[in-house]
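Novice: Got coords.pdb for you, PDB, C-alpha atoms:
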```
ATOM      1  CA  ALA A  23     -20.104  -6.664   5.177
ATOM      2  CA  CYS A  24     -17.617  -6.320   8.041
ATOM      3  CA  ARG A  25     -14.687  -6.844   5.694
ATOM      4  CA  LEU A  26     -16.154  -4.255   3.304
ATOM      5  CA  LEU A  27     -16.413  -1.677   6.077
ATOM      6  CA  THR A  28     -12.894  -2.535   7.213
ATOM      7  CA  GLY A  29     -11.603  -2.022   3.684
ATOM      8  CA  LEU A  30     -13.331   1.358   3.419
ATOM      9  CA  GLY A  31     -11.823   2.402   6.728
ATOM     10  CA  VAL A  32      -8.319   1.302   5.764
ATOM     11  CA  ALA A  33      -8.628   3.085   2.418
ATOM     12  CA  ALA A  34      -9.689   6.315   4.117
ATOM     13  CA  LEU A  35      -6.980   6.048   6.777
ATOM     14  CA  SER A  36      -4.108   5.287   4.391
ATOM     15  CA  THR A  37      -5.117   7.947   1.870
ATOM     16  CA  ALA A  38      -5.633  10.628   4.508
ATOM     17  CA  ALA A  39      -2.330   9.823   6.208
ATOM     18  CA  THR A  40      -0.459   9.965   2.910
ATOM     19  CA  MET A  41      -2.123  13.239   1.915
ATOM     20  CA  THR A  42      -1.359  14.822   5.285
ATOM     21  CA  VAL A  43       2.338  14.056   4.918
ATOM     22  CA  ALA A  44       2.334  15.128   1.254
ATOM     23  CA  ASP A  45       0.785  18.475   2.185
ATOM     24  CA  VAL A  46       3.375  19.316   4.840
ATOM     25  CA  SER A  47       6.417  18.098   2.854
ATOM     26  CA  THR A  48       8.234  19.324  -0.257
ATOM     27  CA  PRO A  49       9.657  17.480  -3.281
ATOM     28  CA  LEU A  50      13.086  17.719  -1.623
ATOM     29  CA  ASN A  51      12.103  15.778   1.510
ATOM     30  CA  ARG A  52       8.826  14.038   0.668
ATOM     31  CA  ALA A  53      10.134  10.467   0.551
ATOM     32  CA  ARG A  54      11.980  10.729   3.876
ATOM     33  CA  THR A  55       8.970  12.482   5.445
ATOM     34  CA  MET A  56       6.734   9.590   4.396
ATOM     35  CA  ALA A  57       9.249   7.008   5.592
ATOM     36  CA  PRO A  58       8.016   6.865   9.234
ATOM     37  CA  ILE A  59       4.503   5.926   8.065
ATOM     38  CA  HIS A  60       5.786   3.011   6.033
ATOM     39  CA  ALA A  61       8.252   1.991   8.722
ATOM     40  CA  ALA A  62       5.400   1.920  11.237
ATOM     41  CA  PHE A  63       3.340  -0.182   8.820
ATOM     42  CA  SER A  64       6.205  -2.656   8.474
ATOM     43  CA  ALA A  65       6.596  -2.777  12.258
ATOM     44  CA  GLY A  66       2.909  -3.517  12.608
ATOM     45  CA  MET A  67       3.200  -6.286  10.011
ATOM     46  CA  ALA A  68       6.101  -7.735  11.988
ATOM     47  CA  PHE A  69       4.649  -7.635  15.482
ATOM     48  CA  GLY A  70       0.899  -7.542  14.819
ATOM     49  CA  PRO A  71       0.413 -11.265  14.143
ATOM     50  CA  ALA A  72       2.378 -12.170  17.282
ATOM     51  CA  VAL A  73       0.409  -9.761  19.466
ATOM     52  CA  GLY A  74      -2.879 -10.829  17.897
ATOM     53  CA  GLY A  75      -2.062 -14.495  18.366
ATOM     54  CA  MET A  76      -1.239 -14.042  22.039
ATOM     55  CA  ALA A  77      -4.353 -11.937  22.585
ATOM     56  CA  ALA A  78      -6.544 -14.539  20.891
ATOM     57  CA  GLU A  79      -4.975 -17.262  23.007
ATOM     58  CA  TYR A  80      -5.389 -15.516  26.351
ATOM     59  CA  LEU A  81      -8.521 -13.399  25.734
ATOM     60  CA  GLY A  82     -10.414 -15.263  23.023
ATOM     61  CA  VAL A  83     -11.067 -14.438  19.378
ATOM     62  CA  SER A  84     -14.177 -12.287  19.925
ATOM     63  CA  GLU A  85     -12.535 -10.355  22.761
ATOM     64  CA  THR A  86      -9.493  -9.705  20.561
ATOM     65  CA  PHE A  87     -11.728  -8.063  17.948
ATOM     66  CA  TYR A  88     -13.210  -5.893  20.693
ATOM     67  CA  VAL A  89      -9.709  -4.821  21.752
ATOM     68  CA  VAL A  90      -8.761  -3.979  18.173
ATOM     69  CA  GLY A  91     -11.965  -2.020  17.676
ATOM     70  CA  ALA A  92     -11.389  -0.093  20.905
ATOM     71  CA  SER A  93      -7.829   0.703  19.805
ATOM     72  CA  TYR A  94      -9.118   2.136  16.529
ATOM     73  CA  LEU A  95     -11.655   4.200  18.450
ATOM     74  CA  GLY A  96      -8.896   5.544  20.676
ATOM     75  CA  LEU A  97      -6.774   6.289  17.608
ATOM     76  CA  THR A  98      -9.682   8.168  16.058
ATOM     77  CA  MET A  99     -10.077  10.398  19.112
ATOM     78  CA  ALA A 100      -6.332  10.991  19.320
ATOM     79  CA  ASN A 101      -6.158  11.993  15.653
ATOM     80  CA  ARG A 102      -9.148  14.280  16.088
ATOM     81  CA  ALA A 103      -7.475  16.025  18.995
ATOM     82  CA  LEU A 104      -3.901  16.192  17.712
ATOM     83  CA  LEU A 105      -4.114  16.589  13.933
ATOM     84  CA  GLY A 106      -5.197  19.664  12.027
ATOM     85  CA  GLU A 107      -6.407  20.151   8.473
ATOM     86  CA  THR A 108      -3.443  20.528   6.104
ATOM     87  CA  LYS A 109      -5.403  21.356   2.972
ATOM     88  CA  ALA A 110      -5.148  25.022   2.083
ATOM     89  CA  GLY A 111      -8.453  26.866   1.845
ATOM     90  CA  PRO A 112     -11.984  25.583   2.426
ATOM     91  CA  LEU A 113     -12.842  21.994   1.633
ATOM     92  CA  VAL A 114     -14.939  22.224  -1.554
ATOM     93  CA  PHE A 115     -16.001  19.156  -3.490
ATOM     94  CA  PRO A 116     -16.197  19.699  -7.269
ATOM     95  CA  TRP A 117     -19.386  17.675  -7.639
ATOM     96  CA  TYR A 118     -21.407  20.111  -5.499
ATOM     97  CA  GLY A 119     -24.065  21.836  -7.548
ATOM     98  CA  THR A 120     -24.591  19.002  -9.992
ATOM     99  CA  ARG A 121     -27.699  17.736  -8.218
ATOM    100  CA  GLY A 122     -29.677  20.972  -8.031
ATOM    101  CA  LYS A 123     -29.742  23.836  -5.543
ATOM    102  CA  SER A 124     -32.288  24.944  -3.025
ATOM    103  CA  GLY A 125     -32.910  28.632  -3.343
ATOM    104  CA  GLY A 126     -35.311  31.219  -4.592
ATOM    105  CA  SER A 127     -36.552  34.384  -3.020
ATOM    106  CA  GLY A 128     -39.070  35.124  -0.344
ATOM    107  CA  GLY A 129     -41.153  32.007   0.077
ATOM    108  CA  GLY A 130     -38.389  29.452   0.420
ATOM    109  CA  GLY A 131     -39.022  27.931  -3.002
ATOM    110  CA  GLY A 132     -36.244  26.851  -5.268
ATOM    111  CA  GLU A 133     -34.879  24.402  -7.692
ATOM    112  CA  GLY A 134     -33.861  20.832  -7.096
ATOM    113  CA  ASP A 135     -34.705  17.251  -7.670
ATOM    114  CA  GLY A 136     -35.854  16.536  -4.140
ATOM    115  CA  ASP A 137     -32.702  14.891  -2.855
ATOM    116  CA  GLY A 138     -31.454  17.822  -0.780
ATOM    117  CA  GLY A 139     -28.859  18.923  -3.346
ATOM    118  CA  GLY A 140     -25.986  17.128  -1.610
ATOM    119  CA  PRO A 141     -23.439  14.843  -3.202
ATOM    120  CA  SER A 142     -23.824  11.103  -3.293
ATOM    121  CA  ILE A 143     -21.208   8.366  -3.224
ATOM    122  CA  LEU A 144     -21.943   7.732  -6.900
ATOM    123  CA  ASP A 145     -21.278  11.390  -7.694
ATOM    124  CA  ALA A 146     -17.966  11.209  -5.840
ATOM    125  CA  ALA A 147     -16.948   8.035  -7.671
ATOM    126  CA  LYS A 148     -17.839   9.465 -11.083
ATOM    127  CA  ASP A 149     -15.931  12.651 -10.357
ATOM    128  CA  ALA A 150     -12.865  10.744  -9.179
ATOM    129  CA  VAL A 151     -12.798   8.494 -12.270
ATOM    130  CA  SER A 152     -13.256  11.497 -14.560
ATOM    131  CA  GLN A 153     -10.067  12.993 -13.113
ATOM    132  CA  TRP A 154      -8.018   9.826 -13.632
ATOM    133  CA  ALA A 155      -7.926  10.020 -17.461
ATOM    134  CA  PRO A 156      -6.024  13.358 -17.474
ATOM    135  CA  LEU A 157      -3.687  12.007 -14.822
ATOM    136  CA  MET A 158      -2.938   8.885 -16.869
ATOM    137  CA  SER A 159      -2.122  11.073 -19.864
ATOM    138  CA  ASP A 160       0.951  12.266 -17.976
ATOM    139  CA  PRO A 161       3.674   9.668 -18.694
ATOM    140  CA  ARG A 162       5.367  10.351 -15.347
ATOM    141  CA  ILE A 163       2.210   9.422 -13.442
ATOM    142  CA  ARG A 164       1.179   6.637 -15.824
ATOM    143  CA  GLY A 165       4.503   4.870 -15.455
ATOM    144  CA  ALA A 166       4.401   5.022 -11.662
ATOM    145  CA  VAL A 167       0.782   3.826 -11.554
ATOM    146  CA  LEU A 168       1.430   0.848 -13.846
ATOM    147  CA  MET A 169       4.604  -0.072 -11.985
ATOM    148  CA  ASN A 170       2.761   0.062  -8.643
ATOM    149  CA  GLY A 171      -0.004  -2.170  -9.966
ATOM    150  CA  PHE A 172       2.448  -4.807 -11.195
ATOM    151  CA  TYR A 173       4.461  -4.540  -7.975
ATOM    152  CA  TRP A 174       1.428  -5.382  -5.842
ATOM    153  CA  LEU A 175       0.438  -8.120  -8.291
ATOM    154  CA  ALA A 176       3.852  -9.700  -7.841
ATOM    155  CA  LEU A 177       3.762  -9.131  -4.081
ATOM    156  CA  ALA A 178       0.406 -10.869  -3.651
ATOM    157  CA  GLY A 179       1.274 -13.712  -5.984
ATOM    158  CA  SER A 180       4.887 -14.344  -5.030
ATOM    159  CA  GLN A 181       5.551 -13.188  -1.490
ATOM    160  CA  MET A 182       2.128 -13.953  -0.038
ATOM    161  CA  THR A 183       1.159 -17.054  -2.055
ATOM    162  CA  LEU A 184       4.183 -18.898  -3.442
ATOM    163  CA  LEU A 185       6.862 -17.978  -0.912
ATOM    164  CA  PRO A 186       5.256 -19.783   2.074
ATOM    165  CA  LEU A 187       4.831 -22.904  -0.082
ATOM    166  CA  MET A 188       8.445 -22.795  -1.205
ATOM    167  CA  LEU A 189       9.853 -22.220   2.276
ATOM    168  CA  THR A 190       7.817 -25.048   3.826
ATOM    169  CA  ASP A 191       8.291 -27.508   0.972
ATOM    170  CA  PRO A 192       9.561 -30.804   2.481
ATOM    171  CA  GLN A 193      11.868 -31.232  -0.509
ATOM    172  CA  GLY A 194      13.259 -27.707  -0.059
ATOM    173  CA  LEU A 195      14.009 -25.679   3.053
ATOM    174  CA  ALA A 196      11.235 -27.512   4.985
ATOM    175  CA  MET A 197      10.633 -24.646   7.418
ATOM    176  CA  THR A 198       8.277 -25.160  10.318
ATOM    177  CA  ALA A 199       5.396 -22.781  10.958
ATOM    178  CA  SER A 200       7.318 -20.963  13.689
ATOM    179  CA  THR A 201      10.397 -20.594  11.502
ATOM    180  CA  LEU A 202       8.237 -19.282   8.673
ATOM    181  CA  GLY A 203       6.710 -16.697  11.000
ATOM    182  CA  LYS A 204      10.169 -15.610  12.149
ATOM    183  CA  THR A 205      11.235 -15.312   8.518
ATOM    184  CA  TYR A 206       8.394 -12.958   7.676
ATOM    185  CA  MET A 207       9.070 -11.008  10.864
ATOM    186  CA  GLY A 208      12.700 -10.673   9.811
ATOM    187  CA  MET A 209      11.683  -9.350   6.408
ATOM    188  CA  SER A 210       9.456  -6.755   8.051
ATOM    189  CA  LEU A 211      12.217  -5.740  10.454
ATOM    190  CA  VAL A 212      14.590  -5.209   7.522
ATOM    191  CA  GLN A 213      12.020  -2.832   6.064
ATOM    192  CA  VAL A 214      11.600  -1.002   9.386
ATOM    193  CA  VAL A 215      15.342  -0.354   9.542
ATOM    194  CA  SER A 216      15.924   0.363   5.848
ATOM    195  CA  VAL A 217      12.902   2.509   4.930
ATOM    196  CA  PRO A 218      14.278   5.793   6.394
ATOM    197  CA  VAL A 219      17.669   5.259   4.721
ATOM    198  CA  VAL A 220      16.179   4.266   1.369
ATOM    199  CA  ALA A 221      13.746   7.205   1.510
ATOM    200  CA  ARG A 222      16.597   9.660   2.069
ATOM    201  CA  LEU A 223      18.450   8.160  -0.889
ATOM    202  CA  ALA A 224      15.290   8.485  -2.993
ATOM    203  CA  ASP A 225      15.032  12.186  -2.139
ATOM    204  CA  ASP A 226      18.693  12.754  -2.981
ATOM    205  CA  ALA A 227      19.089  10.550  -6.059
ATOM    206  CA  GLY A 228      15.542  10.830  -7.424
ATOM    207  CA  LYS A 229      12.375   8.811  -6.944
ATOM    208  CA  PRO A 230      12.381   7.196 -10.426
ATOM    209  CA  ARG A 231      15.888   5.851  -9.814
ATOM    210  CA  ALA A 232      14.753   4.475  -6.469
ATOM    211  CA  MET A 233      11.817   2.721  -8.129
ATOM    212  CA  VAL A 234      14.072   1.166 -10.772
ATOM    213  CA  ALA A 235      16.509   0.009  -8.094
ATOM    214  CA  GLY A 236      13.674  -1.446  -6.009
ATOM    215  CA  CYS A 237      12.290  -3.397  -8.963
ATOM    216  CA  ALA A 238      15.777  -4.686  -9.787
ATOM    217  CA  LEU A 239      16.376  -5.878  -6.213
ATOM    218  CA  ILE A 240      13.038  -7.689  -6.009
ATOM    219  CA  ALA A 241      13.451  -9.289  -9.438
ATOM    220  CA  SER A 242      16.979 -10.447  -8.569
ATOM    221  CA  SER A 243      15.857 -12.015  -5.292
ATOM    222  CA  MET A 244      12.908 -13.754  -6.976
ATOM    223  CA  PHE A 245      15.237 -15.304  -9.546
ATOM    224  CA  ALA A 246      17.819 -16.259  -6.910
ATOM    225  CA  LEU A 247      15.455 -17.737  -4.319
ATOM    226  CA  PRO A 248      14.671 -21.012  -6.172
ATOM    227  CA  HIS A 249      18.427 -21.744  -6.221
ATOM    228  CA  CYS A 250      18.808 -21.366  -2.437
ATOM    229  CA  ASP A 251      19.122 -24.802  -0.842
ATOM    230  CA  SER A 252      19.927 -23.647   2.696
ATOM    231  CA  LEU A 253      18.822 -20.946   5.084
ATOM    232  CA  PRO A 254      21.745 -18.432   4.835
ATOM    233  CA  PRO A 255      21.482 -17.784   1.072
ATOM    234  CA  ALA A 256      17.680 -17.737   1.338
ATOM    235  CA  ALA A 257      17.918 -15.149   4.118
ATOM    236  CA  ALA A 258      20.220 -13.019   1.949
ATOM    237  CA  ALA A 259      17.800 -13.209  -0.985
ATOM    238  CA  LEU A 260      14.848 -12.301   1.234
ATOM    239  CA  ALA A 261      16.800  -9.378   2.704
ATOM    240  CA  LEU A 262      17.336  -8.031  -0.821
ATOM    241  CA  TRP A 263      13.613  -8.513  -1.432
ATOM    242  CA  SER A 264      12.833  -6.430   1.658
ATOM    243  CA  LEU A 265      15.229  -3.689   0.569
ATOM    244  CA  GLY A 266      13.465  -3.515  -2.778
ATOM    245  CA  SER A 267      10.108  -3.339  -1.041
ATOM    246  CA  SER A 268      11.427  -0.468   1.098
ATOM    247  CA  ALA A 269      12.192   1.514  -2.049
ATOM    248  CA  LEU A 270       8.794   0.774  -3.587
ATOM    249  CA  SER A 271       6.909   1.637  -0.401
ATOM    250  CA  THR A 272       7.920   5.321  -0.445
ATOM    251  CA  ALA A 273       9.225   6.285  -3.887
ATOM    252  CA  PRO A 274       6.046   5.822  -6.014
ATOM    253  CA  VAL A 275       3.680   7.776  -3.770
ATOM    254  CA  SER A 276       6.175  10.578  -3.176
ATOM    255  CA  HIS A 277       6.947  10.751  -6.917
ATOM    256  CA  VAL A 278       3.269  10.950  -7.846
ATOM    257  CA  SER A 279       2.694  13.585  -5.171
ATOM    258  CA  ASP A 280       5.548  15.638  -6.595
ATOM    259  CA  VAL A 281       4.487  15.635 -10.235
ATOM    260  CA  ALA A 282       0.705  15.862  -9.737
ATOM    261  CA  GLY A 283       0.742  19.209  -7.950
ATOM    262  CA  GLU A 284      -1.427  20.319  -5.069
ATOM    263  CA  GLY A 285      -4.687  20.499  -7.019
ATOM    264  CA  ARG A 286      -4.512  16.928  -8.361
ATOM    265  CA  ARG A 287      -2.505  15.279  -5.591
ATOM    266  CA  ALA A 288      -5.401  13.567  -3.806
ATOM    267  CA  GLN A 289      -6.721  11.902  -6.948
ATOM    268  CA  ALA A 290      -3.209  10.968  -8.100
ATOM    269  CA  VAL A 291      -2.534   9.172  -4.814
ATOM    270  CA  ALA A 292      -5.976   7.530  -4.983
ATOM    271  CA  LEU A 293      -5.249   6.343  -8.531
ATOM    272  CA  LEU A 294      -1.895   4.933  -7.443
ATOM    273  CA  ARG A 295      -3.452   3.048  -4.535
ATOM    274  CA  THR A 296      -6.321   1.763  -6.677
ATOM    275  CA  ALA A 297      -3.841   0.311  -9.166
ATOM    276  CA  GLY A 298      -2.074  -1.385  -6.274
ATOM    277  CA  ASP A 299      -5.362  -2.765  -4.932
ATOM    278  CA  VAL A 300      -6.285  -4.177  -8.343
ATOM    279  CA  GLY A 301      -2.866  -5.795  -8.647
ATOM    280  CA  PHE A 302      -3.169  -7.216  -5.140
ATOM    281  CA  LEU A 303      -6.606  -8.615  -5.966
ATOM    282  CA  VAL A 304      -5.514 -10.254  -9.218
ATOM    283  CA  GLY A 305      -1.995 -11.330  -8.258
ATOM    284  CA  ALA A 306      -2.659 -14.138  -5.814
ATOM    285  CA  GLY A 307      -5.183 -15.891  -8.025
ATOM    286  CA  ALA A 308      -3.284 -15.385 -11.287
ATOM    287  CA  ILE A 309       0.160 -16.476 -10.079
ATOM    288  CA  GLY A 310      -1.329 -19.266  -7.957
ATOM    289  CA  ALA A 311      -3.158 -20.552 -11.037
ATOM    290  CA  ALA A 312       0.078 -20.346 -13.016
ATOM    291  CA  ALA A 313       1.821 -22.460 -10.369
ATOM    292  CA  ASP A 314      -0.958 -25.066 -10.521
ATOM    293  CA  TRP A 315      -0.929 -25.076 -14.318
ATOM    294  CA  THR A 316       2.843 -25.508 -14.643
ATOM    295  CA  GLY A 317       3.219 -27.655 -11.538
ATOM    296  CA  ASP A 318       6.447 -25.790 -10.793
ATOM    297  CA  LEU A 319       6.660 -23.316  -7.900
ATOM    298  CA  ASP A 320      10.142 -22.187  -8.940
ATOM    299  CA  LEU A 321       9.000 -21.326 -12.467
ATOM    300  CA  ALA A 322       5.938 -19.495 -11.169
ATOM    301  CA  MET A 323       8.128 -17.510  -8.764
ATOM    302  CA  ARG A 324      10.402 -16.390 -11.590
ATOM    303  CA  ALA A 325       7.390 -15.531 -13.739
ATOM    304  CA  GLY A 326       5.932 -13.441 -10.912
TER     305      GLY A 326
END
```
Translate this structure into structure tokens?

Specialist:
Amino acid sequence: ACRLLTGLGVAALSTAATMTVADVSTPLNRARTMAPIHAAFSAGMAFGPAVGGMAAEYLGVSETFYVVGASYLGLTMANRALLGETKAGPLVFPWYGTRGKSGGSGGGGGEGDGDGGGPSILDAAKDAVSQWAPLMSDPRIRGAVLMNGFYWLALAGSQMTLLPLMLTDPQGLAMTASTLGKTYMGMSLVQVVSVPVVARLADDAGKPRAMVAGCALIASSMFALPHCDSLPPAAAALALWSLGSSALSTAPVSHVSDVAGEGRRAQAVALLRTAGDVGFLVGAGAIGAAADWTGDLDLAMRAG
């Protein structure tokens, strides 16, 4: 239940942050405007485990969760005080009115089904899904959504499942736990530095070209990594992987925001993130099972 609530909170936070930036940016600068969000995420991925580990060691595990919860509470109050609504016009949900209206004249009577006439979570979900079919009929959005789903599938299966096994394999690079942690921190730092530059290039050269380049960089590094028998070439391959991830962290969402238009932007971004979540959910199990079935981590990495 706690993980479910955490997931709902993260989904709301990431979608709202993306929509806020999309509302205040234009197609000419959207990728570079979104870059700080993704750079901050990469920085958190780099330093968060270290900070959390030290906090758990000195404060205790339960106390660390209290500190994290208090930080989110403080962030909530800061956002409430500093951020304004960027959506133009009143906030009107399209599923209002589908459940019946209270009304009538004089005596306070009216129509309705007794549930107060307000929307439910089920109504919101049905309305969102009903808007996804028209979005997927647009080949520009469909291509970005499918690519994002496969990207997160590969990320969960390769980078988060197979890569630690390959790097710590006694017959391979035989990294220790601390060296592995530094490696992942280095990959995140490469993204922190490169995201603003890559986002500017995406705005100038075009988001689809940035997505193609990002996929090519990640695929090249995944094919090259099994051939790396020492740390320097492995570090170079992982740096290319991080550069590709930098391109795919900003280009898809900015591209979808551009082509969807203001009226459909929220659902287009939600569809993109849902495809990524599905890929993330399936990727680790599917590629991990492929590695077990073939008995070959290198082959599974190339397949991912």

Novice: Would you kindly return, as an mmCIF file with C-alpha atoms, in the frame of the given file, each protein, DNA or RNA residue with an atom no farther than 12 Å from any atom of Asn51 of chain A, considering only C-alpha atoms and excluding same-chain residues fewer than 5 positions away?

Specialist:
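What ended up in result-v6.cif:
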```
data_model
loop_
_atom_site.group_PDB
_atom_site.id
_atom_site.type_symbol
_atom_site.label_atom_id
_atom_site.label_comp_id
_atom_site.auth_asym_id
_atom_site.auth_seq_id
_atom_site.Cartn_x
_atom_site.Cartn_y
_atom_site.Cartn_z
ATOM 1 C CA VAL A 43 2.338 14.056 4.918
ATOM 2 C CA ALA A 44 2.334 15.128 1.254
ATOM 3 C CA ASP A 45 0.785 18.475 2.185
ATOM 4 C CA VAL A 46 3.375 19.316 4.840
ATOM 5 C CA MET A 56 6.734 9.590 4.396
ATOM 6 C CA ALA A 57 9.249 7.008 5.592
ATOM 7 C CA PRO A 218 14.278 5.793 6.394
ATOM 8 C CA ALA A 221 13.746 7.205 1.510
ATOM 9 C CA ARG A 222 16.597 9.660 2.069
ATOM 10 C CA LEU A 223 18.450 8.160 -0.889
ATOM 11 C CA ALA A 224 15.290 8.485 -2.993
ATOM 12 C CA ASP A 225 15.032 12.186 -2.139
ATOM 13 C CA ASP A 226 18.693 12.754 -2.981
ATOM 14 C CA ALA A 227 19.089 10.550 -6.059
ATOM 15 C CA GLY A 228 15.542 10.830 -7.424
ATOM 16 C CA LYS A 229 12.375 8.811 -6.944
ATOM 17 C CA THR A 272 7.920 5.321 -0.445
ATOM 18 C CA ALA A 273 9.225 6.285 -3.887
ATOM 19 C CA SER A 276 6.175 10.578 -3.176
ATOM 20 C CA HIS A 277 6.947 10.751 -6.917
ATOM 21 C CA SER A 279 2.694 13.585 -5.171
ATOM 22 C CA ASP A 280 5.548 15.638 -6.595
#
```

Novice: Can I get the residues of segment 240-317 of chain A within 9 Å of segment 144-153 of chain A, each with the closest pair of atoms and their distance in Å to one decimal, using all atoms listed in the file, sorted chain first then ascending number, as CSV?

Specialist:
```
residue,atom,partner,partner_atom,distance
A:Arg286,CA,A:Gln153,CA,8.3
A:Gln289,CA,A:Ala150,CA,6.6
A:Ala290,CA,A:Gln153,CA,8.7
A:Ala292,CA,A:Ala150,CA,8.7
A:Leu293,CA,A:Val151,CA,8.7
```

Novice: For a quick check of understanding, using all atoms listed in the file, which of A:Val214, A:Ala288, A:Val220, A:Ala176 has the smallest distance to Met244 of chain A?

Specialist: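 Distance minimum relative to Met244 of chain A lands on A:Ala176.
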
Novice: Please define a box with edges along x, y and z of the file around all atoms of segment 197-201 of chain A given in the file, extend it by 6 Å on each side, and return its centre and edge lengths in Å to one decimal, as lines of an AutoDock Vina configuration file.

Specialist:
```
center_x = 8.0
center_y = -22.9
center_z = 10.6
size_x = 17.2
size_y = 16.6
size_z = 18.3
```

Novice: Going by the chain IDs and residue numbers used in this file, which residues fall under the PyMOL selection byres ((chain A and resi 194) around 12)? Write them as an NGL selection string.

Specialist: :A and (185-193 or 195-198 or 247-253 or 256 or 319-320)

Novice: What gap, in Å, lies between atom CA of Leu294 of chain A and atom CA of Asn170 of chain A?

Specialist: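 One can read the atom CA of Leu294 of chain A to atom CA of Asn170 of chain A distance as 6.8 Å.
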
Novice: Some atoms are absent from segment 247-259 of chain A, so rebuild N, CA, C and O atoms and return them as a compact mmCIF listing (two decimals), keeping the file's coordinate frame.

Specialist:
```txt
# COMPACT_ATOMS: atom_id res chain seq x y z
N LEU A 247 16.02 -16.93 -5.40
CA LEU A 247 15.46 -17.74 -4.32
C LEU A 247 15.29 -19.21 -4.67
O LEU A 247 15.59 -20.08 -3.84
N PRO A 248 14.81 -19.58 -5.87
CA PRO A 248 14.67 -21.01 -6.17
C PRO A 248 15.99 -21.77 -6.15
O PRO A 248 15.98 -23.01 -6.05
N HIS A 249 17.12 -21.07 -6.24
CA HIS A 249 18.43 -21.74 -6.22
C HIS A 249 19.00 -21.86 -4.81
O HIS A 249 20.08 -22.44 -4.65
N CYS A 250 18.30 -21.32 -3.81
CA CYS A 250 18.81 -21.37 -2.44
C CYS A 250 18.41 -22.70 -1.80
O CYS A 250 17.21 -22.98 -1.66
N ASP A 251 19.40 -23.50 -1.42
CA ASP A 251 19.12 -24.80 -0.84
C ASP A 251 19.41 -24.86 0.66
O ASP A 251 19.36 -25.93 1.26
N SER A 252 19.71 -23.71 1.25
CA SER A 252 19.93 -23.65 2.70
C SER A 252 19.47 -22.29 3.20
O SER A 252 19.19 -21.36 2.40
N LEU A 253 19.40 -22.15 4.51
CA LEU A 253 18.82 -20.95 5.08
C LEU A 253 19.65 -19.68 4.86
O LEU A 253 19.08 -18.63 4.54
N PRO A 254 20.98 -19.69 5.00
CA PRO A 254 21.74 -18.43 4.84
C PRO A 254 21.56 -17.76 3.48
O PRO A 254 21.26 -16.55 3.43
N PRO A 255 21.72 -18.47 2.35
CA PRO A 255 21.48 -17.78 1.07
C PRO A 255 20.03 -17.36 0.89
O PRO A 255 19.75 -16.32 0.29
N ALA A 256 19.09 -18.14 1.42
CA ALA A 256 17.68 -17.74 1.34
C ALA A 256 17.44 -16.46 2.14
O ALA A 256 16.70 -15.57 1.69
N ALA A 257 18.06 -16.35 3.31
CA ALA A 257 17.92 -15.15 4.12
C ALA A 257 18.49 -13.94 3.39
O ALA A 257 17.92 -12.84 3.44
N ALA A 258 19.63 -14.12 2.70
CA ALA A 258 20.22 -13.02 1.95
C ALA A 258 19.30 -12.58 0.81
O ALA A 258 19.10 -11.37 0.58
N ALA A 259 18.71 -13.55 0.11
CA ALA A 259 17.80 -13.21 -0.98
C ALA A 259 16.56 -12.48 -0.46
O ALA A 259 16.10 -11.51 -1.07
```
